[in-house]
$ cat my_file-v9.txt   # compact mmCIF, C-alpha atoms
# COMPACT_ATOMS: atom_id res chain seq x y z
CA MET A 1 -4.01 -5.36 -0.19
CA HIS A 2 -3.50 -1.79 -0.94
CA MET A 3 -1.91 0.45 -3.43
CA LYS A 4 -4.39 1.74 -2.75
CA GLN A 5 -2.87 2.59 -3.94
CA HIS A 6 -2.39 0.88 -2.54
CA MET A 7 -3.75 0.21 -5.70
CA ARG A 8 -5.68 -2.87 -4.83
CA ARG A 9 -9.35 -2.62 -3.77
CA ARG A 10 -11.99 -4.75 -5.36
CA ALA A 11 -18.55 -5.80 -3.71
CA LEU A 12 -20.34 -6.47 -0.70
CA VAL A 13 -21.44 -10.05 0.04
CA ALA A 14 -24.66 -11.47 1.35
CA GLY A 15 -23.46 -11.22 4.95
CA ALA A 16 -23.99 -7.47 4.93
CA LEU A 17 -27.56 -7.90 3.72
CA ALA A 18 -28.19 -10.51 6.36
CA THR A 19 -26.82 -8.18 9.01
CA ALA A 20 -29.02 -5.35 7.77
CA THR A 21 -32.06 -7.63 7.87
CA ALA A 22 -31.26 -8.72 11.40
CA ILE A 23 -30.90 -5.11 12.47
CA ALA A 24 -34.24 -4.23 10.94
CA LEU A 25 -35.89 -7.13 12.78
CA THR A 26 -34.46 -6.01 16.11
CA GLY A 27 -35.69 -2.49 15.51
CA CYS A 28 -32.29 -0.81 15.22
CA GLY A 29 -32.16 2.19 12.94
CA ALA A 30 -29.13 3.44 11.12
CA GLY A 31 -26.63 4.85 13.56
CA GLY A 32 -28.17 3.54 16.71
CA GLY A 33 -30.92 1.41 18.14
CA ASP A 34 -33.42 1.49 20.92
CA ALA A 35 -32.34 1.77 24.51
CA ASP A 36 -32.28 -2.00 25.01
CA GLY A 37 -30.92 -3.08 21.64
CA PRO A 38 -27.40 -3.20 20.20
CA THR A 39 -25.73 -0.13 18.75
CA GLU A 40 -25.24 -0.24 15.01
CA ILE A 41 -22.00 1.15 13.60
CA THR A 42 -20.90 1.43 9.99
CA PHE A 43 -17.54 0.17 8.76
CA SER A 44 -16.95 1.79 5.38
CA TYR A 45 -13.96 0.18 3.73
CA LEU A 46 -12.07 0.78 0.49
CA TRP A 47 -11.61 -2.91 -0.32
CA GLY A 48 -13.89 -4.77 -2.73
CA GLY A 49 -14.30 -8.18 -4.35
CA ASP A 50 -12.61 -11.09 -2.58
CA GLU A 51 -11.06 -8.69 -0.10
CA ALA A 52 -14.49 -7.39 0.88
CA LYS A 53 -15.68 -10.97 1.22
CA VAL A 54 -13.14 -11.85 3.90
CA LEU A 55 -13.85 -8.57 5.70
CA GLU A 56 -17.55 -9.44 5.77
CA GLU A 57 -16.64 -12.81 7.30
CA ILE A 58 -14.63 -11.04 10.01
CA ILE A 59 -17.50 -8.61 10.60
CA ALA A 60 -19.91 -11.55 10.93
CA ASP A 61 -17.54 -13.21 13.42
CA PHE A 62 -17.47 -10.04 15.51
CA ASN A 63 -21.25 -9.59 15.40
CA ALA A 64 -21.70 -13.19 16.54
CA SER A 65 -19.15 -12.80 19.36
CA GLN A 66 -21.22 -10.30 21.38
CA ASP A 67 -24.65 -8.68 21.47
CA GLU A 68 -23.95 -5.02 22.23
CA ILE A 69 -22.67 -3.85 18.83
CA VAL A 70 -23.79 -4.68 15.31
CA VAL A 71 -21.32 -3.72 12.58
CA LYS A 72 -22.64 -2.97 9.12
CA GLY A 73 -19.97 -3.30 6.43
CA VAL A 74 -20.05 -1.09 3.34
CA SER A 75 -17.62 -1.47 0.45
CA SER A 76 -16.96 2.06 -0.82
CA PRO A 77 -13.67 2.32 -2.75
CA ASP A 78 -14.04 6.07 -3.31
CA THR A 79 -11.44 8.01 -1.33
CA GLN A 80 -12.96 11.38 -2.24
CA LYS A 81 -16.34 10.27 -0.92
CA GLN A 82 -14.58 9.03 2.21
CA LEU A 83 -12.88 12.38 2.79
CA THR A 84 -16.08 14.33 2.09
CA SER A 85 -17.95 12.33 4.74
CA MET A 86 -15.19 12.85 7.29
CA SER A 87 -15.10 16.58 6.61
CA SER A 88 -18.85 17.08 7.10
CA SER A 89 -20.75 17.73 10.30
CA ASN A 90 -22.73 14.53 9.84
CA GLY A 91 -20.48 11.63 8.87
CA SER A 92 -21.75 8.45 7.24
CA PHE A 93 -19.46 5.92 8.93
CA ASP A 94 -17.81 5.13 12.25
CA ILE A 95 -14.62 3.36 11.20
CA SER A 96 -12.71 3.14 7.93
CA ASP A 97 -9.32 2.47 6.35
CA ASN A 98 -6.65 4.15 4.26
CA PHE A 99 -2.86 4.29 4.06
CA GLY A 100 -0.38 5.35 6.70
CA ASN A 101 0.91 8.38 4.82
CA THR A 102 -2.52 10.06 5.09
CA VAL A 103 -2.57 10.08 8.89
CA GLY A 104 -0.60 13.28 9.52
CA ALA A 105 -2.52 15.35 6.97
CA TRP A 106 -5.91 14.19 8.22
CA ALA A 107 -5.04 14.40 11.91
CA SER A 108 -3.80 17.96 11.45
CA LYS A 109 -7.18 18.87 9.93
CA GLY A 110 -8.99 17.50 12.97
CA ILE A 111 -10.94 14.87 11.06
CA LEU A 112 -9.44 11.84 12.84
CA ALA A 113 -10.26 10.88 16.39
CA PRO A 114 -7.17 10.30 18.60
CA LEU A 115 -6.97 6.69 19.75
CA ASP A 116 -4.77 6.91 22.85
CA ASP A 117 -7.63 6.60 25.36
CA ALA A 118 -9.25 3.82 23.33
CA ILE A 119 -5.94 1.95 23.18
CA LYS A 120 -5.79 1.99 26.99
CA THR A 121 -9.46 1.10 27.45
CA GLU A 122 -9.35 -1.74 24.93
CA LYS A 123 -5.89 -2.87 26.12
CA ILE A 124 -4.38 -2.81 22.62
CA ASP A 125 -0.68 -3.77 22.71
CA VAL A 126 0.79 -1.16 20.37
CA ASP A 127 4.32 -2.41 21.07
CA ASP A 128 3.50 -5.47 18.97
CA PHE A 129 2.86 -3.42 15.82
CA VAL A 130 5.62 -3.09 13.20
CA PRO A 131 7.70 -0.05 14.30
CA SER A 132 8.15 1.48 10.83
CA ALA A 133 4.38 1.41 10.39
CA MET A 134 3.67 2.90 13.81
CA GLU A 135 5.84 5.89 12.93
CA GLN A 136 3.16 6.88 10.44
CA MET A 137 0.32 6.38 12.93
CA THR A 138 1.37 9.24 15.20
CA TYR A 139 0.87 12.96 14.83
CA ASP A 140 1.76 15.63 17.39
CA GLY A 141 2.36 13.01 20.07
CA LYS A 142 -0.95 11.17 19.66
CA ILE A 143 -1.89 7.95 17.86
CA TYR A 144 -4.59 8.41 15.24
CA SER A 145 -4.62 5.11 13.37
CA LEU A 146 -3.49 1.48 13.67
CA PRO A 147 -2.04 -0.83 10.98
CA ILE A 148 -4.00 -3.95 10.10
CA ALA A 149 -1.46 -4.85 7.41
CA ILE A 150 1.85 -3.64 6.05
CA HIS A 151 3.49 -3.91 2.66
CA SER A 152 7.03 -4.05 1.32
CA PHE A 153 8.36 -4.02 -2.22
CA GLN A 154 10.75 -6.44 -3.87
CA LEU A 155 11.96 -7.45 -7.33
CA LEU A 156 9.83 -10.15 -8.96
CA TYR A 157 11.03 -11.98 -12.06
CA ASN A 158 9.70 -14.36 -14.68
CA THR A 159 11.76 -17.51 -14.17
CA GLN A 160 11.38 -18.76 -17.75
CA LEU A 161 12.29 -15.45 -19.39
CA LEU A 162 15.41 -15.05 -17.25
CA GLU A 163 16.51 -18.62 -17.99
CA GLU A 164 15.99 -18.14 -21.72
CA ALA A 165 18.14 -15.00 -21.63
CA GLY A 166 20.82 -16.70 -19.54
CA ILE A 167 20.31 -14.30 -16.65
CA THR A 168 20.42 -15.04 -12.95
CA PRO A 169 18.36 -12.82 -10.63
CA PRO A 170 20.33 -9.56 -10.32
CA THR A 171 21.83 -8.65 -6.97
CA THR A 172 23.40 -5.27 -7.81
CA MET A 173 22.15 -2.22 -9.69
CA ASP A 174 24.79 -2.82 -12.38
CA GLU A 175 23.51 -6.38 -12.85
CA LEU A 176 19.93 -5.13 -13.02
CA ALA A 177 20.88 -2.50 -15.58
CA ALA A 178 22.64 -5.15 -17.69
CA ALA A 179 19.66 -7.51 -17.49
CA ILE A 180 17.02 -5.03 -18.65
CA PRO A 181 18.06 -4.78 -22.35
CA LYS A 182 18.53 -8.54 -22.58
CA LEU A 183 14.94 -8.98 -21.43
CA THR A 184 13.46 -6.21 -23.57
CA LYS A 185 12.12 -6.90 -27.08
CA VAL A 186 11.09 -4.28 -29.60
CA ASP A 187 9.68 -5.01 -33.08
CA ASP A 188 10.70 -3.34 -36.33
CA SER A 189 8.20 -0.52 -35.83
CA GLY A 190 9.66 0.32 -32.41
CA LYS A 191 6.74 -1.23 -30.52
CA ILE A 192 7.69 -2.90 -27.24
CA THR A 193 6.63 -6.55 -27.20
CA GLN A 194 8.42 -7.47 -23.98
CA LEU A 195 9.70 -5.13 -21.30
CA GLY A 196 12.72 -5.91 -19.14
CA LEU A 197 11.63 -3.95 -16.06
CA GLY A 198 8.07 -2.77 -15.60
CA SER A 199 6.32 -0.71 -12.97
CA ALA A 200 2.95 -1.28 -11.34
CA ASN A 201 3.03 2.26 -9.97
CA ASP A 202 5.68 4.80 -10.94
CA SER A 203 5.55 6.70 -7.65
CA THR A 204 6.01 3.59 -5.55
CA THR A 205 8.73 2.20 -7.80
CA LEU A 206 10.72 5.43 -7.89
CA THR A 207 10.46 6.28 -4.19
CA THR A 208 11.52 2.70 -3.42
CA LEU A 209 14.48 2.96 -5.81
CA GLY A 210 15.45 6.18 -4.06
CA TYR A 211 15.93 4.20 -0.86
CA ALA A 212 17.93 1.55 -2.74
CA PHE A 213 20.34 4.28 -3.87
CA GLY A 214 20.72 5.53 -0.30
CA GLY A 215 18.34 8.44 -0.70
CA THR A 216 15.66 9.71 1.64
CA TRP A 217 12.52 11.61 0.76
CA ASP A 218 12.01 13.11 4.22
CA GLY A 219 14.34 14.79 6.68
CA GLU A 220 13.98 16.17 10.18
CA ASP A 221 13.21 19.62 8.78
CA GLY A 222 10.87 18.56 5.99
CA PRO A 223 10.90 16.97 2.54
CA THR A 224 14.23 16.19 0.90
CA PRO A 225 13.31 15.37 -2.71
CA ALA A 226 16.69 16.55 -4.04
CA ASP A 227 18.68 14.14 -1.88
CA PRO A 228 21.57 12.88 -4.07
CA GLY A 229 20.43 9.26 -3.76
CA ASN A 230 16.97 10.17 -5.00
CA LEU A 231 18.34 12.01 -8.02
CA GLU A 232 20.70 9.14 -8.77
CA ALA A 233 17.77 6.69 -8.70
CA LEU A 234 15.69 8.82 -11.05
CA GLN A 235 18.61 9.21 -13.45
CA TRP A 236 19.24 5.46 -13.35
CA TYR A 237 15.59 4.86 -14.24
CA GLN A 238 15.66 7.27 -17.16
CA ASP A 239 18.95 5.86 -18.46
CA ASN A 240 18.15 2.17 -18.13
CA VAL A 241 14.37 1.80 -18.35
CA ILE A 242 12.93 4.67 -20.39
CA GLU A 243 15.51 6.03 -22.83
CA PRO A 244 16.51 2.68 -24.47
CA VAL A 245 12.92 2.17 -25.70
CA GLY A 246 11.71 5.77 -25.81
CA ALA A 247 9.06 7.53 -23.79
CA GLU A 248 6.42 7.28 -26.52
CA ALA A 249 6.87 3.55 -26.97
CA MET A 250 6.80 3.11 -23.20
CA ALA A 251 3.55 5.09 -22.90
CA THR A 252 1.97 3.00 -25.66
CA PHE A 253 3.06 -0.21 -23.98
CA VAL A 254 1.70 0.87 -20.59
CA SER A 255 -1.63 2.01 -22.05
CA GLY A 256 -2.10 -1.41 -23.64
CA GLN A 257 -1.37 -3.40 -20.50
CA GLY A 258 -3.88 -5.91 -19.20
CA GLU A 259 -5.76 -5.30 -15.96
CA TYR A 260 -3.56 -5.17 -12.89
CA LEU A 261 -3.42 -8.49 -10.99
CA SER A 262 -5.64 -10.24 -13.52
CA ALA A 263 -4.51 -13.15 -15.68
CA GLN A 264 -3.76 -10.51 -18.34
CA ASP A 265 -1.54 -8.52 -15.98
CA PRO A 266 1.66 -7.76 -17.97
CA PHE A 267 3.86 -9.58 -15.47
CA PHE A 268 1.64 -12.64 -15.14
CA SER A 269 1.14 -12.82 -18.92
CA GLY A 270 4.87 -12.66 -19.70
CA LYS A 271 4.96 -9.20 -21.28
CA VAL A 272 7.09 -7.83 -18.42
CA ALA A 273 10.11 -9.86 -17.32
CA MET A 274 10.75 -8.11 -13.98
CA ILE A 275 8.72 -5.80 -11.80
CA ILE A 276 9.04 -4.10 -8.42
CA ASP A 277 5.87 -4.76 -6.47
CA GLY A 278 4.37 -5.80 -3.15
CA GLU A 279 3.81 -9.04 -1.29
CA TRP A 280 0.18 -9.38 -2.45
CA ARG A 281 1.62 -10.59 -5.77
CA SER A 282 2.14 -14.03 -4.23
CA ALA A 283 -1.53 -14.61 -3.44
CA SER A 284 -2.62 -13.06 -6.74
CA ALA A 285 -0.30 -15.28 -8.78
CA ALA A 286 -1.63 -18.40 -7.10
CA LYS A 287 -5.19 -17.30 -7.83
CA VAL A 288 -5.11 -15.93 -11.38
CA ALA A 289 -1.93 -17.50 -12.83
CA PRO A 290 -1.37 -20.78 -10.97
CA ASP A 291 0.95 -22.20 -13.66
CA PHE A 292 3.07 -19.08 -13.92
CA GLN A 293 6.69 -19.63 -12.86
CA TRP A 294 8.13 -16.70 -10.97
CA GLY A 295 10.57 -15.78 -8.24
CA VAL A 296 11.31 -12.80 -6.04
CA THR A 297 14.51 -11.35 -4.66
CA ALA A 298 15.64 -8.30 -2.75
CA ILE A 299 15.75 -5.11 -4.77
CA PRO A 300 19.36 -4.69 -5.91
CA ALA A 301 21.06 -1.93 -3.96
CA ALA A 302 23.61 0.65 -5.01
CA SER A 303 26.06 -0.65 -2.38
CA PRO A 304 26.28 -3.63 0.00
CA ALA A 305 25.47 -1.40 2.97
CA LEU A 306 22.08 -0.68 1.38
CA GLY A 307 21.12 -4.35 1.02
CA ASN A 308 17.46 -5.25 1.52
CA SER A 309 16.37 -1.65 1.01
CA THR A 310 12.64 -1.35 0.57
CA GLN A 311 9.71 0.92 1.17
CA VAL A 312 7.17 -0.03 3.82
CA THR A 313 3.59 1.15 3.57
CA ALA A 314 0.69 0.41 5.90
CA SER A 315 -3.01 -0.29 5.49
CA THR A 316 -4.52 1.43 8.48
CA LEU A 317 -7.77 1.66 10.41
CA PHE A 318 -9.10 4.84 11.96
CA ILE A 319 -12.16 6.41 13.56
CA PRO A 320 -13.34 9.72 12.07
CA ALA A 321 -13.76 12.61 14.47
CA ASN A 322 -17.42 12.92 13.42
CA SER A 323 -18.30 9.32 14.35
CA LYS A 324 -21.34 9.22 16.61
CA HIS A 325 -20.26 5.95 18.20
CA LYS A 326 -16.56 6.26 18.92
CA ASP A 327 -16.53 3.86 21.88
CA GLU A 328 -18.25 1.10 19.93
CA ALA A 329 -16.03 1.78 16.92
CA ALA A 330 -12.97 1.48 19.17
CA THR A 331 -14.17 -1.91 20.44
CA PHE A 332 -14.55 -3.14 16.87
CA LEU A 333 -11.20 -1.63 15.84
CA ALA A 334 -9.52 -3.47 18.73
CA TYR A 335 -11.10 -6.69 17.45
CA LEU A 336 -9.90 -6.10 13.89
CA VAL A 337 -6.29 -5.60 14.97
CA SER A 338 -6.27 -8.51 17.43
CA LYS A 339 -4.17 -11.46 16.29
CA GLU A 340 -6.71 -13.91 14.90
CA PRO A 341 -8.76 -11.47 12.76
CA MET A 342 -5.62 -9.68 11.59
CA GLU A 343 -4.02 -12.96 10.54
CA LYS A 344 -7.18 -14.09 8.74
CA PHE A 345 -7.33 -10.78 6.88
CA ALA A 346 -3.61 -10.71 6.00
CA VAL A 347 -3.51 -14.29 4.75
CA ALA A 348 -6.62 -13.85 2.61
CA LEU A 349 -5.23 -10.73 0.98
CA GLY A 350 -1.66 -11.99 0.83
CA ASN A 351 -0.51 -9.03 2.94
CA LEU A 352 2.07 -8.84 5.70
CA ALA A 353 0.42 -8.65 9.11
CA GLY A 354 0.69 -5.42 11.07
CA ARG A 355 1.89 -7.27 14.20
CA THR A 356 5.48 -8.44 14.57
CA SER A 357 4.30 -11.48 16.53
CA LEU A 358 2.55 -12.78 13.39
CA ALA A 359 5.58 -12.42 11.13
CA GLY A 360 6.58 -16.09 11.29
CA SER A 361 3.11 -17.56 11.43
CA PRO A 362 2.71 -20.86 9.55
CA ALA A 363 -0.57 -19.47 8.21
CA PHE A 364 1.50 -17.72 5.53
CA ASP A 365 3.43 -20.86 4.49
CA SER A 366 1.20 -21.49 1.47
CA LEU A 367 2.22 -18.14 -0.07
CA GLN A 368 5.25 -18.58 -2.34
CA ASP A 369 8.41 -16.73 -1.27
CA PHE A 370 6.44 -14.65 1.23
CA SER A 371 9.41 -14.56 3.60
CA VAL A 372 11.38 -12.40 1.13
CA TRP A 373 8.95 -9.53 1.64
CA ALA A 374 8.64 -10.21 5.36
CA ASP A 375 12.42 -10.12 5.83
CA ALA A 376 12.67 -6.86 3.92
CA ALA A 377 9.96 -5.24 6.03
CA SER A 378 12.03 -5.80 9.17
CA SER A 379 15.33 -4.73 7.56
CA PRO A 380 17.23 -1.74 8.96
CA ASN A 381 17.07 -0.40 5.40
CA ALA A 382 13.26 -0.53 5.29
CA LYS A 383 11.98 3.04 5.08
CA SER A 384 8.59 4.73 5.09
CA LEU A 385 7.50 8.07 3.73
CA SER A 386 6.67 10.49 6.54
CA SER A 387 3.07 11.11 7.49
CA LEU A 388 2.83 14.84 8.12
CA PRO A 389 0.37 17.65 7.31
CA TYR A 390 1.99 18.27 3.94
CA SER A 391 2.40 14.61 2.95
CA ALA A 392 -0.56 14.52 0.57
CA GLU A 393 0.63 17.63 -1.28
CA TYR A 394 4.17 16.29 -1.35
CA ALA A 395 3.03 12.93 -2.74
CA THR A 396 1.06 14.70 -5.47
CA ASP A 397 4.02 16.88 -6.41
CA LEU A 398 6.36 13.89 -6.46
CA ALA A 399 3.94 12.00 -8.69
CA THR A 400 3.95 14.92 -11.13
CA ALA A 401 7.75 15.02 -11.10
CA PHE A 402 8.00 11.27 -11.62
CA ASP A 403 5.62 11.52 -14.58
CA GLU A 404 7.95 14.08 -16.16
CA VAL A 405 10.91 11.78 -15.54
CA VAL A 406 9.12 8.82 -17.13
CA ARG A 407 7.94 10.87 -20.12
CA LEU A 408 11.46 12.31 -20.53
CA THR A 409 10.07 15.86 -20.51
CA ALA A 410 12.46 16.89 -17.73
CA THR A 411 15.73 15.78 -16.22
CA PRO A 412 15.52 14.50 -12.64
CA GLU A 413 17.05 17.76 -11.44
CA GLU A 414 14.50 19.85 -13.34
CA ALA A 415 11.53 17.77 -12.21
CA ILE A 416 12.60 17.78 -8.57
CA ALA A 417 13.37 21.50 -8.66
CA THR A 418 9.68 22.11 -9.30
CA VAL A 419 8.84 20.08 -6.20
CA GLU A 420 11.29 22.15 -4.18
CA GLU A 421 9.62 25.35 -5.38
CA ARG A 422 6.21 24.09 -4.30
CA MET A 423 7.48 23.03 -0.86
CA ALA A 424 7.38 26.66 0.28
CA ASN A 425 3.57 26.43 0.22
CA TYR A 426 3.28 23.25 2.26
CA SER A 427 1.27 23.38 5.45
CA THR A 428 3.25 22.37 8.53
CA LYS A 429 0.28 22.27 10.90
$ encode --input "my_file-v9.txt" --output "structure tokens"
Amino acid sequence: MHMKQHMRRRALVAGALATATAIALTGCGAGGGDADGPTEITFSYLWGGDEAKVLEEIIADFNASQDEIVVKGVSSPDTQKQLTSMSSSNGSFDISDNFGNTVGAWASKGILAPLDDAIKTEKIDVDDFVPSAMEQMTYDGKIYSLPIAIHSFQLLYNTQLLEEAGITPPTTMDELAAAIPKLTKVDDSGKITQLGLGSANDSTTLTTLGYAFGGTWDGEDGPTPADPGNLEALQWYQDNVIEPVGAEAMATFVSGQGEYLSAQDPFFSGKVAMIIDGEWRSASAAKVAPDFQWGVTAIPAASPALGNSTQVTASTLFIPANSKHKDEAATFLAYLVSKEPMEKFAVALGNLAGRTSLAGSPAFDSLQDFSVWADAASSPNAKSLSSLPYSAEYATDLATAFDEVVRLTATPEEAIATVEERMANYSTK
């Protein structure tokens, strides 16, 4: 699960040590082996904790399935360290992961290896991958990454709190706006004790709401941050979420929140009545808050034509251009995105699988309301941010603008105007 930013990476397990021991016994050194032994490759991944554990199981399955390649897994949730390695002449890993919106920027810098030849050699059926995710995998006509999982965002709600307030899950933006104050509690000092609508990540929440208001953040000729739907979404958020409680009280509430996805998470602990978040919430709730009563519904849209609007993001796998073992890395990548390993990974993390053929798999039946996110991901109103050379800069500038919106230090128009000014400096190649 990502969010990364994704958001959601959590320690290597004993399998990696066992693999390293086996390699040492067979005489393989880091980055290779003798002429007759297997080739060792390094899979450096951003996941940790339970997520790393299932990855190590998949790595062990692959290592046991053949004797030509030995994969060493390394949990390294440091994106700056990842980028530094990829930008050097001597990289430290052969395959890694990130999010789909990084592909264009990294491919344009020449630090990703194109995968088109590997896809043919390994007979990877790219037509089975979710189309909205594959749009982010391509740059300048070539494929540079493949999605192992995808994510969509929906409106989760605390069943008990809604029932106590006499509220049914909102289906329109007007209903959502009316529900928020009824589910918000503030004490005599102005301190928020319960928030009607919370946010796990302001950038994700606000870009997703932009789509629900009919906006788009990217056009054929570049970024479109000032699209009327986007501005309407930001204004709606200021008017209905921030201003009624005040920016200072909101900041204090957010700073005191429990750890994300833990039992003290503000949504799981009942301090936030509703939240827009991803499908991994289902698996997390079952694990850390098994008695918590919750539901999920489509994000209310500004009009019926915009029903089931959501943002789709992708957890992707890639081979850095400085990998010394690209062929072996491609063989392992093909294994990771094949159906059985992908399904095992997605179910364990509570993520949507990157293949459309796995969408209705009974393996996901144990995850509460998982189909709500799956249905949204395949909706005509499911959108993804573009993955282009300027995407990283654009995302950073949007995050700054969204922070100003949430802190009430600028109107949506003022905050977005700053983004538009900075767009003139974006790299297009």
$ closest_residue --input "my_file-v9.txt" --among "A:Asp265, A:Asp202, A:Asp67, A:Asp127" --to "A:Val405" --atoms "all atoms listed in the file"
A:Asp202
$ atom_distance --input "my_file-v9.txt" --atom1 "atom CA of A:His325" --atom2 "atom CA of A:Ala392"
27.8 Å
$ closest_residue --input "my_file-v9.txt" --among "A:Ser76, A:Gln293, A:Ser88, A:Ser203" --to "A:Asp397" --atoms "all atoms listed in the file"
A:Ser203
$ residues_around --input "my_file-v9.txt" --residues "stretch 122-125 of chain A" --least-positions-apart "2" --cutoff "8 Å" --atoms "only C-alpha atoms" --output "list in words"
Ala118, Ile119, Lys120, Asp127, Asp128, Phe129, Ala330, Thr331, Ala334 and Ser338 of chain A
$ residues_around --input "my_file-v9.txt" --residues "A:Leu367" --least-positions-apart "3" --cutoff "12 Å" --atoms "all atoms listed in the file" --output "short mmCIF file (atom, residue, chain, number, x, y, z; two decimals) with C-alpha atoms, in the coordinates of the input"
data_model
loop_
_atom_site.label_atom_id
_atom_site.label_comp_id
_atom_site.auth_asym_id
_atom_site.auth_seq_id
_atom_site.Cartn_x
_atom_site.Cartn_y
_atom_site.Cartn_z
CA GLU A 279 3.81 -9.04 -1.29
CA TRP A 280 0.18 -9.38 -2.45
CA ARG A 281 1.62 -10.59 -5.77
CA SER A 282 2.14 -14.03 -4.23
CA ALA A 283 -1.53 -14.61 -3.44
CA SER A 284 -2.62 -13.06 -6.74
CA ALA A 285 -0.30 -15.28 -8.78
CA ALA A 286 -1.63 -18.40 -7.10
CA LYS A 287 -5.19 -17.30 -7.83
CA PRO A 290 -1.37 -20.78 -10.97
CA GLY A 295 10.57 -15.78 -8.24
CA ALA A 346 -3.61 -10.71 6.00
CA VAL A 347 -3.51 -14.29 4.75
CA ALA A 348 -6.62 -13.85 2.61
CA LEU A 349 -5.23 -10.73 0.98
CA GLY A 350 -1.66 -11.99 0.83
CA ASN A 351 -0.51 -9.03 2.94
CA LEU A 352 2.07 -8.84 5.70
CA SER A 361 3.11 -17.56 11.43
CA PRO A 362 2.71 -20.86 9.55
CA ALA A 363 -0.57 -19.47 8.21
CA PHE A 364 1.50 -17.72 5.53
CA PHE A 370 6.44 -14.65 1.23
CA SER A 371 9.41 -14.56 3.60
CA VAL A 372 11.38 -12.40 1.13
CA TRP A 373 8.95 -9.53 1.64
CA ALA A 374 8.64 -10.21 5.36
#
$ atom_distance --input "my_file-v9.txt" --atom1 "atom CA of A:Pro412" --atom2 "atom CA of A:Trp217"
14.0 Å
$ atom_distance --input "my_file-v9.txt" --atom1 "atom CA of A:Asp218" --atom2 "atom CA of A:Leu176"
26.3 Å
$ closest_residue --input "my_file-v9.txt" --among "A:Leu385, A:Ala249, A:Ala178, A:Val254" --to "A:Thr207" --atoms "only C-alpha atoms"
A:Leu385
$ residues_around --input "my_file-v9.txt" --residues "A:Ile41" --least-positions-apart "3" --cutoff "7 Å" --atoms "only C-alpha atoms" --output "list in words"
Gly31, Val70, Val71, Lys72, Asp94, His325 and Ala329 of chain A
$ residues_around --input "my_file-v9.txt" --residues "A:Pro244" --least-positions-apart "4" --cutoff "8 Å" --atoms "all atoms listed in the file" --output "list in words"
Pro181, Asp239 and Asn240 of chain A
$ residues_around --input "my_file-v9.txt" --residues "A:Tyr211" --least-positions-apart "4" --cutoff "8 Å" --atoms "all atoms listed in the file" --output "list in words"
Thr207, Gly215, Thr216, Gly229, Asn230, Ser309, Thr310, Gln311, Asn381 and Lys383 of chain A
$ write_last_selection --input "my_file-v9.txt" --atoms "C-alpha atoms" --output "PDB file, in the coordinates of the input"
ATOM      1  CA  THR A 207      10.460   6.280  -4.190  1.00  0.00           C
ATOM      2  CA  GLY A 215      18.340   8.440  -0.700  1.00  0.00           C
ATOM      3  CA  THR A 216      15.660   9.710   1.640  1.00  0.00           C
ATOM      4  CA  GLY A 229      20.430   9.260  -3.760  1.00  0.00           C
ATOM      5  CA  ASN A 230      16.970  10.170  -5.000  1.00  0.00           C
ATOM      6  CA  SER A 309      16.370  -1.650   1.010  1.00  0.00           C
ATOM      7  CA  THR A 310      12.640  -1.350   0.570  1.00  0.00           C
ATOM      8  CA  GLN A 311       9.710   0.920   1.170  1.00  0.00           C
ATOM      9  CA  ASN A 381      17.070  -0.400   5.400  1.00  0.00           C
ATOM     10  CA  LYS A 383      11.980   3.040   5.080  1.00  0.00           C
TER      11      LYS A 383
END
$ closest_residue --input "my_file-v9.txt" --among "A:Ser323, A:Thr79, A:Asn201, A:Thr208" --to "A:Gln154" --atoms "only C-alpha atoms"
A:Thr208
$ closest_residue --input "my_file-v9.txt" --among "A:Val74, A:Ala377, A:Ala212, A:Ala52" --to "A:Phe93" --atoms "only C-alpha atoms"
A:Val74
$ closest_residue --input "my_file-v9.txt" --among "A:Asp174, A:Asp369, A:Glu421, A:Asp78" --to "A:Pro223" --atoms "all atoms listed in the file"
A:Glu421
$ closest_atom_pairs --input "my_file-v9.txt" --of "stretch 285-345 of chain A" --to "stretch 106-115 of chain A" --cutoff "9 Å" --atoms "all atoms listed in the file" --output "tab-separated table"
residue	atom	partner	partner_atom	distance
A:Phe318	CA	A:Leu112	CA	7.1
A:Ile319	CA	A:Ala113	CA	5.6
A:Pro320	CA	A:Leu112	CA	4.5
A:Ala321	CA	A:Ala113	CA	4.4
A:Asn322	CA	A:Ile111	CA	7.2
A:Ser323	CA	A:Ala113	CA	8.4
A:Lys326	CA	A:Ala113	CA	8.2
A:Ala330	CA	A:Leu115	CA	8.0
$ build_atoms --input "my_file-v9.txt" --residues "stretch 408-412 of chain A" --atoms "N, CA and C atoms" --output "PDB file, in the frame of the given file"
ATOM      1  N   LEU A 408      10.235  11.672 -20.031  1.00  0.00           N
ATOM      2  CA  LEU A 408      11.460  12.310 -20.530  1.00  0.00           C
ATOM      3  C   LEU A 408      11.245  13.779 -20.903  1.00  0.00           C
ATOM      4  N   THR A 409      10.296  14.435 -20.248  1.00  0.00           N
ATOM      5  CA  THR A 409      10.070  15.860 -20.510  1.00  0.00           C
ATOM      6  C   THR A 409      10.885  16.743 -19.580  1.00  0.00           C
ATOM      7  N   ALA A 410      11.600  16.139 -18.644  1.00  0.00           N
ATOM      8  CA  ALA A 410      12.460  16.890 -17.730  1.00  0.00           C
ATOM      9  C   ALA A 410      13.551  15.967 -17.211  1.00  0.00           C
ATOM     10  N   THR A 411      14.690  16.557 -16.907  1.00  0.00           N
ATOM     11  CA  THR A 411      15.730  15.780 -16.220  1.00  0.00           C
ATOM     12  C   THR A 411      15.288  15.589 -14.782  1.00  0.00           C
ATOM     13  N   PRO A 412      15.867  14.643 -14.054  1.00  0.00           N
ATOM     14  CA  PRO A 412      15.520  14.500 -12.640  1.00  0.00           C
ATOM     15  C   PRO A 412      15.702  15.799 -11.859  1.00  0.00           C
TER      16      PRO A 412
END
